[in-house]
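Structure below is query.cif: mmCIF, C-alpha atoms (C1' of nucleotides).
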data_run
#
loop_
_atom_site.label_atom_id
_atom_site.label_comp_id
_atom_site.auth_asym_id
_atom_site.auth_seq_id
_atom_site.Cartn_x
_atom_site.Cartn_y
_atom_site.Cartn_z
CA MET R 1 0.00 0.00 0.00
CA SER R 2 1.48 3.34 -0.96
CA GLY R 3 0.41 6.75 -2.10
CA HIS R 4 -1.59 9.08 -0.10
CA THR R 5 -4.86 9.09 -1.96
CA THR R 6 -4.89 5.32 -2.11
CA ILE R 7 -4.80 5.10 1.65
CA VAL R 8 -7.40 7.77 2.14
CA ASN R 9 -9.68 5.98 -0.28
CA HIS R 10 -9.12 2.69 1.44
CA LEU R 11 -10.13 4.24 4.75
CA ARG R 12 -13.26 5.80 3.35
CA ARG R 13 -14.29 2.60 1.63
CA THR R 14 -13.78 0.68 4.86
CA GLY R 15 -16.12 3.01 6.67
CA TYR R 16 -13.71 5.29 8.47
CA ARG R 17 -14.14 9.01 8.34
CA VAL R 18 -11.39 11.00 6.76
CA THR R 19 -10.67 13.80 9.17
CA PRO R 20 -8.00 16.47 8.76
CA GLN R 21 -6.26 15.05 11.83
CA ARG R 22 -5.95 11.65 10.24
CA VAL R 23 -4.64 13.08 7.01
CA ILE R 24 -2.03 15.13 8.82
CA ILE R 25 -0.85 12.17 10.84
CA LEU R 26 -0.55 10.07 7.73
CA GLU R 27 1.47 12.78 6.04
CA ALA R 28 3.85 12.91 8.96
CA LEU R 29 4.38 9.17 8.83
CA GLN R 30 4.98 9.23 5.10
CA ARG R 31 7.37 12.13 5.15
CA GLN R 32 9.48 10.45 7.80
CA GLY R 33 9.75 6.98 6.35
CA GLY R 34 11.50 5.18 9.21
CA HIS R 35 10.55 4.33 12.77
CA MET R 36 8.82 6.95 14.89
CA THR R 37 7.42 6.98 18.39
CA ALA R 38 3.99 8.34 19.13
CA GLU R 39 5.67 11.36 20.64
CA ASP R 40 7.76 11.98 17.52
CA ILE R 41 4.64 11.93 15.44
CA TYR R 42 2.81 14.18 17.84
CA ALA R 43 5.65 16.70 17.78
CA ARG R 44 5.82 16.74 14.00
CA VAL R 45 2.12 17.10 13.58
CA ARG R 46 1.94 19.78 16.21
CA ALA R 47 4.60 21.85 14.54
CA GLU R 48 2.22 22.61 11.73
CA HIS R 49 -1.16 22.05 13.27
CA PRO R 50 -1.02 22.93 16.94
CA TYR R 51 -4.63 22.04 17.59
CA ILE R 52 -4.22 18.28 17.36
CA ASN R 53 -4.57 16.31 20.56
CA ARG R 54 -2.24 13.63 21.80
CA SER R 55 -4.97 11.02 22.29
CA THR R 56 -6.09 11.55 18.73
CA VAL R 57 -2.60 10.63 17.64
CA TYR R 58 -2.67 7.44 19.70
CA ARG R 59 -6.14 6.53 18.49
CA THR R 60 -5.27 7.17 14.88
CA LEU R 61 -2.11 5.10 15.12
CA ASP R 62 -4.12 2.30 16.60
CA MET R 63 -6.61 2.47 13.79
CA LEU R 64 -3.93 2.62 11.10
CA SER R 65 -2.25 -0.44 12.50
CA LYS R 66 -5.50 -2.37 12.54
CA GLU R 67 -5.80 -1.51 8.88
CA ASN R 68 -2.24 -2.68 8.28
CA ILE R 69 -1.28 0.73 6.98
CA ILE R 70 1.39 1.10 9.60
CA THR R 71 3.26 -1.40 11.73
CA VAL R 72 3.78 -1.28 15.46
CA THR R 73 6.88 -2.65 17.09
CA ASP R 74 7.50 -2.83 20.79
CA LEU R 75 11.22 -3.14 21.13
CA GLY R 76 10.79 -3.58 24.82
CA LYS R 77 12.48 -0.38 25.87
CA GLY R 78 10.22 2.47 26.80
CA SER R 79 8.11 3.43 23.85
CA VAL R 80 6.56 1.67 20.92
CA HIS R 81 7.66 2.33 17.32
CA TYR R 82 5.47 3.03 14.33
CA GLU R 83 6.31 2.92 10.66
CA MET R 84 4.53 2.81 7.30
CA SER R 85 4.05 -0.76 6.14
CA SER R 86 6.24 -1.60 3.22
CA ASP R 87 6.03 -4.18 0.50
CA GLU R 88 9.22 -5.62 1.94
CA PRO R 89 8.26 -6.55 5.48
CA HIS R 90 11.08 -6.74 7.95
CA HIS R 91 11.18 -7.92 11.54
CA HIS R 92 13.33 -7.48 14.58
CA MET R 93 15.35 -9.56 16.97
CA VAL R 94 15.85 -7.75 20.24
CA CYS R 95 18.61 -8.90 22.56
CA GLN R 96 17.27 -8.92 26.11
CA GLN R 97 20.75 -8.60 27.48
CA CYS R 98 22.36 -5.77 25.53
CA GLY R 99 19.27 -4.33 23.85
CA LYS R 100 20.68 -4.56 20.34
CA VAL R 101 18.12 -4.77 17.55
CA GLU R 102 18.79 -6.70 14.36
CA GLU R 103 16.61 -7.26 11.34
CA VAL R 104 15.16 -10.62 10.39
CA ASP R 105 14.59 -11.80 6.87
CA HIS R 106 10.90 -12.04 6.11
CA ALA R 107 11.37 -15.49 4.61
CA LEU R 108 11.88 -16.94 8.07
CA LEU R 109 8.47 -15.71 9.18
CA GLU R 110 6.43 -16.80 6.21
CA PRO R 111 6.13 -20.46 7.20
CA LEU R 112 4.68 -19.41 10.53
CA GLN R 113 2.19 -17.13 8.85
CA ASN R 114 1.09 -19.97 6.61
CA SER R 115 0.76 -22.54 9.33
CA LEU R 116 -1.33 -20.19 11.48
CA LEU R 117 -3.66 -19.63 8.59
CA ARG R 118 -3.92 -23.33 7.83
CA LYS R 119 -4.33 -24.56 11.37
CA TYR R 120 -6.34 -21.77 13.00
CA LYS R 121 -7.61 -19.68 10.07
CA PHE R 122 -5.88 -16.83 11.83
CA LYS R 123 -4.61 -14.13 9.51
CA ALA R 124 -1.44 -13.06 11.26
CA ASN R 125 -0.30 -9.52 10.80
CA ILE R 126 3.22 -10.72 10.75
CA GLU R 127 4.90 -7.42 10.31
CA HIS R 128 4.00 -6.70 13.86
CA PHE R 129 6.96 -8.69 15.10
CA ALA R 130 9.66 -8.31 17.64
CA ILE R 131 11.40 -11.46 18.72
CA PHE R 132 13.17 -11.31 22.04
CA GLY R 133 16.14 -13.42 23.01
CA LEU R 134 19.92 -13.47 23.22
CA CYS R 135 22.21 -12.26 20.48
CA HIS R 136 25.30 -14.23 19.56
CA LYS R 137 27.69 -11.95 21.42
CA CYS R 138 25.77 -12.08 24.65
CA GLN R 139 25.55 -15.85 24.48
CA GLU R 140 29.33 -15.96 24.24
CA LYS R 141 29.74 -13.57 27.12
CA LEU R 142 27.48 -15.65 29.31
CA ARG R 143 29.28 -18.83 28.39
CA LYS R 144 32.58 -17.32 29.45
CA ALA R 145 31.27 -15.74 32.62
CA ARG R 146 30.14 -19.03 34.10
CA MET O 1 12.70 -24.62 35.62
CA SER O 2 10.66 -25.29 38.71
CA GLY O 3 11.03 -25.37 42.45
CA HIS O 4 11.82 -22.43 44.47
CA THR O 5 15.29 -23.27 45.68
CA THR O 6 16.39 -24.19 42.20
CA ILE O 7 15.54 -20.74 40.94
CA VAL O 8 17.14 -18.98 43.87
CA ASN O 9 20.30 -20.98 43.35
CA HIS O 10 20.31 -20.19 39.67
CA LEU O 11 20.08 -16.49 40.43
CA ARG O 12 22.87 -16.61 42.95
CA ARG O 13 25.12 -18.57 40.63
CA THR O 14 24.47 -16.09 37.87
CA GLY O 15 25.60 -13.24 40.07
CA TYR O 16 22.32 -11.75 41.19
CA ARG O 17 21.74 -10.99 44.83
CA VAL O 18 18.95 -12.86 46.50
CA THR O 19 16.95 -10.22 48.32
CA PRO O 20 13.82 -10.83 50.38
CA GLN O 21 11.89 -8.74 47.87
CA ARG O 22 12.90 -11.02 45.03
CA VAL O 23 12.00 -14.12 46.96
CA ILE O 24 8.60 -12.75 47.87
CA ILE O 25 7.85 -11.78 44.28
CA LEU O 26 8.85 -15.22 43.08
CA GLU O 27 6.58 -16.81 45.66
CA ALA O 28 3.65 -14.72 44.49
CA LEU O 29 4.24 -15.77 40.89
CA GLN O 30 4.47 -19.41 41.83
CA ARG O 31 1.43 -19.43 44.04
CA GLN O 32 -0.67 -17.89 41.30
CA GLY O 33 0.34 -20.07 38.37
CA GLY O 34 -1.44 -18.24 35.53
CA HIS O 35 -1.10 -14.81 33.98
CA MET O 36 -0.67 -11.80 36.23
CA THR O 37 -0.15 -8.12 35.59
CA ALA O 38 2.53 -6.19 37.42
CA GLU O 39 -0.20 -4.62 39.47
CA ASP O 40 -1.64 -8.01 40.46
CA ILE O 41 1.75 -9.10 41.65
CA TYR O 42 2.32 -5.87 43.48
CA ALA O 43 -1.02 -6.20 45.26
CA ARG O 44 -0.37 -9.78 46.29
CA VAL O 45 3.08 -9.05 47.54
CA ARG O 46 1.92 -5.98 49.37
CA ALA O 47 -0.78 -7.87 51.20
CA GLU O 48 1.86 -9.67 53.18
CA HIS O 49 4.84 -7.39 52.94
CA PRO O 50 3.65 -3.82 52.76
CA TYR O 51 7.11 -2.36 52.55
CA ILE O 52 7.84 -3.46 48.99
CA ASN O 53 8.01 -0.78 46.33
CA ARG O 54 6.31 -0.84 42.98
CA SER O 55 9.47 -0.15 40.98
CA THR O 56 11.15 -3.06 42.68
CA VAL O 57 8.39 -5.25 41.36
CA TYR O 58 8.88 -3.96 37.83
CA ARG O 59 12.64 -4.30 38.03
CA THR O 60 12.45 -7.80 39.42
CA LEU O 61 10.01 -8.89 36.75
CA ASP O 62 12.35 -7.51 34.15
CA MET O 63 15.25 -9.41 35.60
CA LEU O 64 13.31 -12.65 35.90
CA SER O 65 12.26 -12.45 32.29
CA LYS O 66 15.82 -11.90 31.14
CA GLU O 67 16.69 -15.06 33.01
CA ASN O 68 13.81 -16.85 31.33
CA ILE O 69 12.25 -17.64 34.67
CA ILE O 70 9.07 -15.88 33.75
CA THR O 71 7.53 -14.92 30.43
CA VAL O 72 6.19 -11.56 29.41
CA THR O 73 3.30 -11.18 27.03
CA ASP O 74 1.94 -7.94 25.74
CA LEU O 75 -1.54 -8.73 24.57
CA GLY O 76 -1.85 -5.24 23.26
CA LYS O 77 -4.52 -4.09 25.63
CA GLY O 78 -3.34 -1.95 28.50
CA SER O 79 -0.99 -3.93 30.66
CA VAL O 80 1.58 -6.61 30.13
CA HIS O 81 1.16 -10.15 31.49
CA TYR O 82 3.68 -12.19 33.42
CA GLU O 83 3.72 -15.90 34.14
CA MET O 84 6.17 -18.56 35.31
CA SER O 85 7.84 -20.24 32.36
CA SER O 86 6.63 -23.75 31.92
CA ASP O 87 8.05 -26.80 30.25
CA GLU O 88 5.09 -26.62 27.90
CA PRO O 89 5.44 -23.25 26.24
CA HIS O 90 2.30 -21.76 24.82
CA HIS O 91 1.73 -18.67 22.72
CA HIS O 92 -1.05 -16.31 21.87
CA MET O 93 -2.89 -15.04 18.85
CA VAL O 94 -4.52 -11.71 19.54
CA CYS O 95 -7.28 -10.50 17.27
CA GLN O 96 -6.75 -6.82 16.56
CA GLN O 97 -10.40 -6.40 15.75
CA CYS O 98 -12.27 -8.05 18.61
CA GLY O 99 -9.42 -8.50 21.06
CA LYS O 100 -9.95 -12.22 21.51
CA VAL O 101 -6.91 -14.21 22.61
CA GLU O 102 -6.36 -17.81 21.53
CA GLU O 103 -3.52 -20.17 22.27
CA VAL O 104 -1.06 -21.39 19.67
CA ASP O 105 0.54 -24.78 19.63
CA HIS O 106 4.24 -24.57 20.36
CA ALA O 107 5.02 -26.84 17.43
CA LEU O 108 4.20 -24.02 15.02
CA LEU O 109 6.84 -21.82 16.57
CA GLU O 110 9.68 -24.29 16.77
CA PRO O 111 10.73 -24.06 13.14
CA LEU O 112 11.13 -20.32 13.53
CA GLN O 113 13.22 -20.76 16.64
CA ASN O 114 15.47 -23.16 14.81
CA SER O 115 15.90 -21.05 11.72
CA LEU O 116 16.78 -17.99 13.80
CA LEU O 117 19.45 -19.95 15.57
CA ARG O 118 20.83 -21.37 12.37
CA LYS O 119 20.80 -18.21 10.33
CA TYR O 120 21.60 -15.55 12.92
CA LYS O 121 22.86 -17.51 15.94
CA PHE O 122 20.11 -15.72 17.80
CA LYS O 123 18.69 -17.67 20.68
CA ALA O 124 15.05 -16.65 20.58
CA ASN O 125 13.14 -16.65 23.79
CA ILE O 126 10.17 -17.91 21.96
CA GLU O 127 7.81 -18.09 24.85
CA HIS O 128 7.67 -14.35 24.73
CA PHE O 129 5.15 -14.42 21.92
CA ALA O 130 1.99 -12.65 21.03
CA ILE O 131 0.97 -12.74 17.40
CA PHE O 132 -1.42 -10.06 16.26
CA GLY O 133 -3.83 -10.38 13.41
CA LEU O 134 -7.42 -11.19 12.51
CA CYS O 135 -9.34 -14.14 13.92
CA HIS O 136 -11.51 -16.23 11.66
CA LYS O 137 -14.77 -14.64 12.80
CA CYS O 138 -13.59 -11.12 12.20
CA GLN O 139 -12.32 -12.01 8.75
CA GLU O 140 -15.79 -13.27 7.91
CA LYS O 141 -17.40 -10.16 9.29
CA LEU O 142 -15.15 -7.95 7.21
CA ARG O 143 -15.78 -9.96 4.08
CA LYS O 144 -19.51 -9.51 4.49
CA ALA O 145 -19.34 -5.85 5.39
CA ARG O 146 -17.66 -4.87 2.14
"C1'" DG C 1 31.83 -11.34 62.80
"C1'" DT C 2 33.67 -6.95 60.56
"C1'" DT C 3 34.68 -4.50 56.51
"C1'" DC C 4 34.22 -3.25 51.74
"C1'" DT C 5 32.28 -3.09 47.31
"C1'" DT C 6 28.71 -2.69 44.44
"C1'" DA C 7 24.04 -4.35 43.30
"C1'" DT C 8 19.55 -3.37 44.74
"C1'" DT C 9 15.94 -0.74 46.84
"C1'" DG C 10 12.85 3.19 47.82
"C1'" DC C 11 11.30 7.42 46.61
"C1'" DA C 12 9.63 10.91 43.78
"C1'" DA C 13 9.26 12.61 39.41
"C1'" DA C 14 9.17 11.81 34.46
"C1'" DT C 15 7.25 9.45 30.74
"C1'" DA C 16 4.06 6.60 28.05
"C1'" DT C 17 -0.50 5.22 27.18
"C1'" DT C 18 -5.57 4.58 27.86
"C1'" DT C 19 -10.24 5.92 28.91
"C1'" DG C 20 -14.93 8.20 29.93
"C1'" DC C 21 -17.61 11.64 28.59
"C1'" DA C 22 -19.28 15.92 26.54
"C1'" DT C 23 -18.73 18.28 22.19
"C1'" DT C 24 -17.83 18.50 17.41
"C1'" DT C 25 -17.98 17.12 12.68
"C1'" DG C 26 -17.81 13.83 8.50
"C1'" DC C 27 -20.78 12.27 5.32
"C1'" DA C 28 -25.03 9.79 3.87
"C1'" DT C 29 -29.63 11.21 2.86
"C1'" DC C 30 -32.94 14.17 1.71
"C1'" DG A 1 -27.18 23.07 0.60
"C1'" DA A 2 -29.70 21.66 5.09
"C1'" DT A 3 -30.37 17.79 8.44
"C1'" DG A 4 -29.43 13.87 11.40
"C1'" DC A 5 -26.71 10.39 13.38
"C1'" DA A 6 -22.90 7.92 14.58
"C1'" DA A 7 -17.97 8.28 14.57
"C1'" DA A 8 -14.13 10.99 15.92
"C1'" DT A 9 -12.04 14.59 18.70
"C1'" DG A 10 -10.57 17.16 22.83
"C1'" DC A 11 -9.98 17.32 27.48
"C1'" DA A 12 -8.82 15.87 31.90
"C1'" DA A 13 -8.00 12.21 34.76
"C1'" DA A 14 -6.64 7.43 35.34
"C1'" DT A 15 -3.39 4.00 34.58
"C1'" DA A 16 0.99 1.76 33.36
"C1'" DT A 17 5.85 1.97 33.27
"C1'" DT A 18 10.62 3.92 33.56
"C1'" DT A 19 14.39 6.48 35.57
"C1'" DG A 20 17.92 9.21 38.43
"C1'" DC A 21 19.76 9.36 42.66
"C1'" DA A 22 20.69 8.81 47.53
"C1'" DA A 23 20.33 5.27 51.10
"C1'" DT A 24 20.63 0.42 52.17
"C1'" DA A 25 22.12 -4.25 52.38
"C1'" DA A 26 23.98 -8.92 50.06
"C1'" DG A 27 27.71 -11.47 49.91
"C1'" DA A 28 32.85 -11.74 49.05
"C1'" DA A 29 37.13 -11.26 51.45
"C1'" DC A 30 39.39 -10.83 55.47
#

In structure tokens, what does this structure look like?
Amino acid sequence: MSGHTTIVNHLRRTGYRVTPQRVIILEALQRQGGHMTAEDIYARVRAEHPYINRSTVYRTLDMLSKENIITVTDLGKGSVHYEMSSDEPHHHMVCQQCGKVEEVDHALLEPLQNSLLRKYKFKANIEHFAIFGLCHKCQEKLRKAR
Amino acid sequence: MSGHTTIVNHLRRTGYRVTPQRVIILEALQRQGGHMTAEDIYARVRAEHPYINRSTVYRTLDMLSKENIITVTDLGKGSVHYEMSSDEPHHHMVCQQCGKVEEVDHALLEPLQNSLLRKYKFKANIEHFAIFGLCHKCQEKLRKAR
DNA sequence: GTTCTTATTGCAAATATTTGCATTTGCATC
DNA sequence: GATGCAAATGCAAATATTTGCAATAAGAAC
């Protein structure tokens, strides 16, 4: 999904109302590209349109993620990250020891997505993924320390 | 991992200090068995030992999850859930539309765990899983609505 | 058992997020 | 273009979680 009008149309077709707030938030997300926190988005939006409320930002982000227009990733440290969905989904491994975040090839997740659909008819929004664990380095460190 | 003393020994060996607070929090988790929020645990602990601080609870839970003694699951609605790790890991599918939570067979996750280890040497703490998406019912509803 | 070092705790304040309710406003219908 | 209704917003308060720092205490070394 890309292009502004496309998204707006999708929302309208799905029964959502297209409010100026929603449009502005979408624009902020698109201009940025990468990861943003709710606060980042709020700040950006506010810069131009000071009348927008923080809860509206949260509620809109929630709605956009339900519609798979953006992805939400909780990297486990403080705040959650938002980002426009891309045609090339990517995922994250988060080391619980050192906090490092690495990307995971989408191919590794696809089998899971398929088996969930087959077994439970559950349509997993797989881009919503953060996998916690231990990175290679920290495993080594632990091995030595003991 | 089970049995109180076993866990306490593990912590000590790993270099953590065994404080009364930590022991009490562990006991609360074990007595309960199922899912608990941080607040549940705090309340339980407080009932008997009113001097324990809320941040200590959060910090201890964090530590216990790093040590894989408990699991953390963010079901996306409000607060995070904690639970003693079991020998029979189980996971959750969370419907982003209706909020329903269903369990996922561990077998579906194992391949992912293996491929992460093989490809990235990342030791995924797989029990930490909540998979978001659309349940069967809500897919049907959406199909009809459009 | 005393001493020392450093991890852990408590506290208070900062931050992040959600929610109930009254008000406003898209947009479908006339 | 005016009207009506439900969805969305704003606001303020509730809730959930994290953090910096000074005080305390676990456990290693003596």

**Item:** Evaluate the PyMOL selection byres ((chain C and resi 23) around 9) and report residues as a list of chain:residue names
**Value:**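 This file gives the following for the PyMOL selection byres ((chain C and resi 23) around 9): C:DA22, C:DT24, A:DT9, A:DG10.
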
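Applied to the shown file, the PyMOL selection byres ((chain C) within 12 of (chain R)) selects the residues DT15, DA16, DT17, DT18, DT19, DT24, DT25, DG26, DC27 and DA28 of chain C.
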
Select, as a compact mmCIF listing (two decimals) with C-alpha atoms (C1' of nucleotides), in the frame of the given file, those residues of chain A with any atom no more than 9 Å from chain R (distances computed using only C-alpha atoms (C1' of nucleotides)).
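The resulting file, result-v6.txt, is reproduced below:
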# COMPACT_ATOMS: atom_id res chain seq x y z
C1' DA A 7 -17.97 8.28 14.57
C1' DA A 8 -14.13 10.99 15.92
C1' DT A 9 -12.04 14.59 18.70
C1' DG A 10 -10.57 17.16 22.83
C1' DC A 11 -9.98 17.32 27.48
C1' DT A 17 5.85 1.97 33.27
C1' DT A 18 10.62 3.92 33.56

**Item:** Check: which chain R residues lie within 10 Å of chain O using all atoms listed in the file, as a VMD selection string
**Value:** chain R and resid 13 to 15 62 to 63 65 to 68 74 76 93 to 97 102 to 105 108 to 117 119 to 139 142 145 to 146

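The residues returned by the PyMOL selection byres ((chain C and resi 4) around 12) on the shown structure are DT2, DT3, DT5 and DT6 of chain C; DA26, DG27, DA28, DA29 and DC30 of chain A.
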
**Request:** Rank O:Thr5, O:Thr37, O:Pro20, O:Ser85 by their smallest atom-to-atom distance to A:DA16, using all atoms listed in the file, and report the top residue only.
**Result:** O:Thr37

**Atom-to-atom span, atom CA of R:Leu11 and atom CA of R:Leu64, Å** =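 Here the two named atoms are 9.0 Å from each other.
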
**Message:** Quick check, in Å to one decimal: how far apart do atom CA of R:Val8 and atom CA of R:Leu26 lie?
**Reply:**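 So the two atoms, atom CA of R:Val8 and atom CA of R:Leu26, lie 9.1 Å apart.
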
Given 8 Å of margin on each side, can you work out the centre and size in Å (one decimal) of an axis-aligned box holding every listed atom of stretch 38-50 of chain R, as lines of an AutoDock Vina configuration file?
center_x = 3.3
center_y = 15.6
center_z = 16.2
size_x = 24.9
size_y = 30.6
size_z = 24.9
